[in-house]
Amino acid sequence: MYCYSIKTMKCPQGIPLCVRDSYQGPTSPMHGHDYMEIAIIRQGYGEHTIRNDDGSELRTSVIKGDVFTILNGEHHYYRTCKNFRLYNICVGWDYFDRFRPDLQPLKHYREFFSPDREFKVNMMHLTPVFFQEAENAVRKLTQALYGNYPSQRLAVQIAFLELLYIIFDGKLGSLKNTPSLVAERLFNTIAAMEACPEQHFSIEKAARESSMSVSSFAHKFKETVGVSPTGYCIMLRLEKSRKMLEETDRSIEEIAVASGFCDSNYLGRLFRKRYGTTPHRYRKLFRKHAD
């Protein structure tokens with residue numbers, strides 16, 4: 001079984017950390033690493049199998065927005081991939097260990113980084129807007145890695161820790177740890193919801209188009225993204241409203257309708273519950289910070 005080494009990676013300035021933007025073919029061989037890998041699916045979908053050092057295996061579907069880690073003693077491979085592309089953040093163990101004490105307060109530290117974590121799927125699903133925030137953090141880390149200036153090592157450390165904080169402190173997505181193999185039609189339903197969250201969503205219609213009962217569809221959906229279809233639809237609409245508050249001067253009422261909510265009062269209640277403030281105050285604080 002092949003084992004990739006951090007020593008063969010193009011790590012700049014001797015820093016045992018690199019970022020790869022990889023296309024994945026339909027299948028890959030089972031392999032391991034002498035480093036930790038953080039995988040962020042940025043396009044497409046496929047099946048991922050991870051094998052523990054005792055030989056036990058878990059196989060689950062992965063889609064755009066999923067994040068997981070491969071730790072020491074674990075091996076993995078992909079199969080039945082379609083239009084599959086991912087970021088691989090490869091981190092030497094000694095480099096990671098220097099930050100471990102400060103990382104342990106992260107909400108999802110144990111699931112993703114603890115050496116004695118339970119052998120589960122241990123995956124985070126990032127919704128589209130939050131995926132964009134994580135992707136921006138990956139780009140900042142890449143820029144820090146491949147720059148050339150006296151404070152480069154410090155810049156890399158800051159960017160790396162920021163990436164871990166953004167993804168793994170429980171703010172961006174939903175945690176899922178149940179294996180689930182999902183048909184292509186369900187992937188298409190999720191993609192359609194993410195593309196146009198403001199459109200009316202009918203779980204009965206979505207289940208019918210996926211050739212599933214409503215209860216089976218809801219169960220598979222929650223296994224795939226970590227929350228129920230209705231909950232995910234609301235998350236997507238709230239993300240859209242948040243971006244419109246940041247990027248437009250449209251009224252709260254207009255934003256509510258454009259985001260798929262029946263009125264601004266309903267938007268306000270859900271927005272405050274998720275973000276801890278009202279849409280009006282959020283816009284005010286965002287613009288004050290931006291200025």
# chains A, B, ... in the order shown; residues from 1 in each chain; ligands from 1
$ residues_around --residues "Ser28 (chain A)" --least-positions-apart "2" --cutoff "12 Å" --atoms "only C-alpha atoms" --output "JSON, numbers by chain"
{"A": [1, 2, 23, 24, 25, 26, 30, 31, 32, 46, 47, 48, 49, 75, 76, 77, 78, 79, 80, 81, 84]}
$ select_by_dssp --residues "region 23-271 of chain A" --states "strand (DSSP E or B)" --output "PyMOL selection string"
chain A and resi 23-24+31-33+35-51+57-63+66-70+75-92+123-126+173-176
$ residues_around --residues "His200 (chain A)" --least-positions-apart "2" --cutoff "10 Å" --atoms "only C-alpha atoms" --output "PyMOL selection string"
chain A and resi 193+196-198+202-203+233+260-261
$ closest_residue --among "A:Asp97, A:Thr224, A:Lys107, A:Asp116" --to "Asp66 (chain A)" --atoms "only C-alpha atoms"
A:Thr224
$ closest_residue --among "A:Ile15, A:His280, A:Asp53, A:Gln199" --to "Arg153 (chain A)" --atoms "only C-alpha atoms"
A:Ile15
$ residues_around --residues "Ala137 (chain A)" --least-positions-apart "4" --cutoff "7 Å" --atoms "only C-alpha atoms" --output "list in words"
Glu133, Leu141 and Leu163 of chain A
$ closest_residue --among "A:Arg287, A:Lys171, A:His219, A:Lys140" --to "His108 (chain A)" --atoms "only C-alpha atoms"
A:Lys171
$ closest_residue --among "A:Glu247, A:Glu204, A:Glu135, A:Asp263" --to "Arg283 (chain A)" --atoms "only C-alpha atoms"
A:Glu247
$ select_by_dssp --residues "region 99-188 of chain A" --states "helix (DSSP H, G or I)" --output "PyMOL selection string"
chain A and resi 100-103+109-113+128-145+152-168+184-188
$ closest_residue --among "A:Pro12, A:Cys90, A:Thr69, A:Ile38" --to "Asn148 (chain A)" --atoms "only C-alpha atoms"
A:Pro12
$ closest_residue --among "A:Val156, A:Ile70, A:Met123, A:Val138" --to "Leu17 (chain A)" --atoms "only C-alpha atoms"
A:Val156
$ atom_distance --atom1 "CA of Glu253 (chain A)" --atom2 "CA of Lys284 (chain A)"
16.1 Å
$ residues_around --residues "region 117-121 of chain A" --least-positions-apart "4" --cutoff "8 Å" --atoms "only C-alpha atoms" --output "MDAnalysis selection string"
chainID A and resid 52 58 60 110:113 176:179
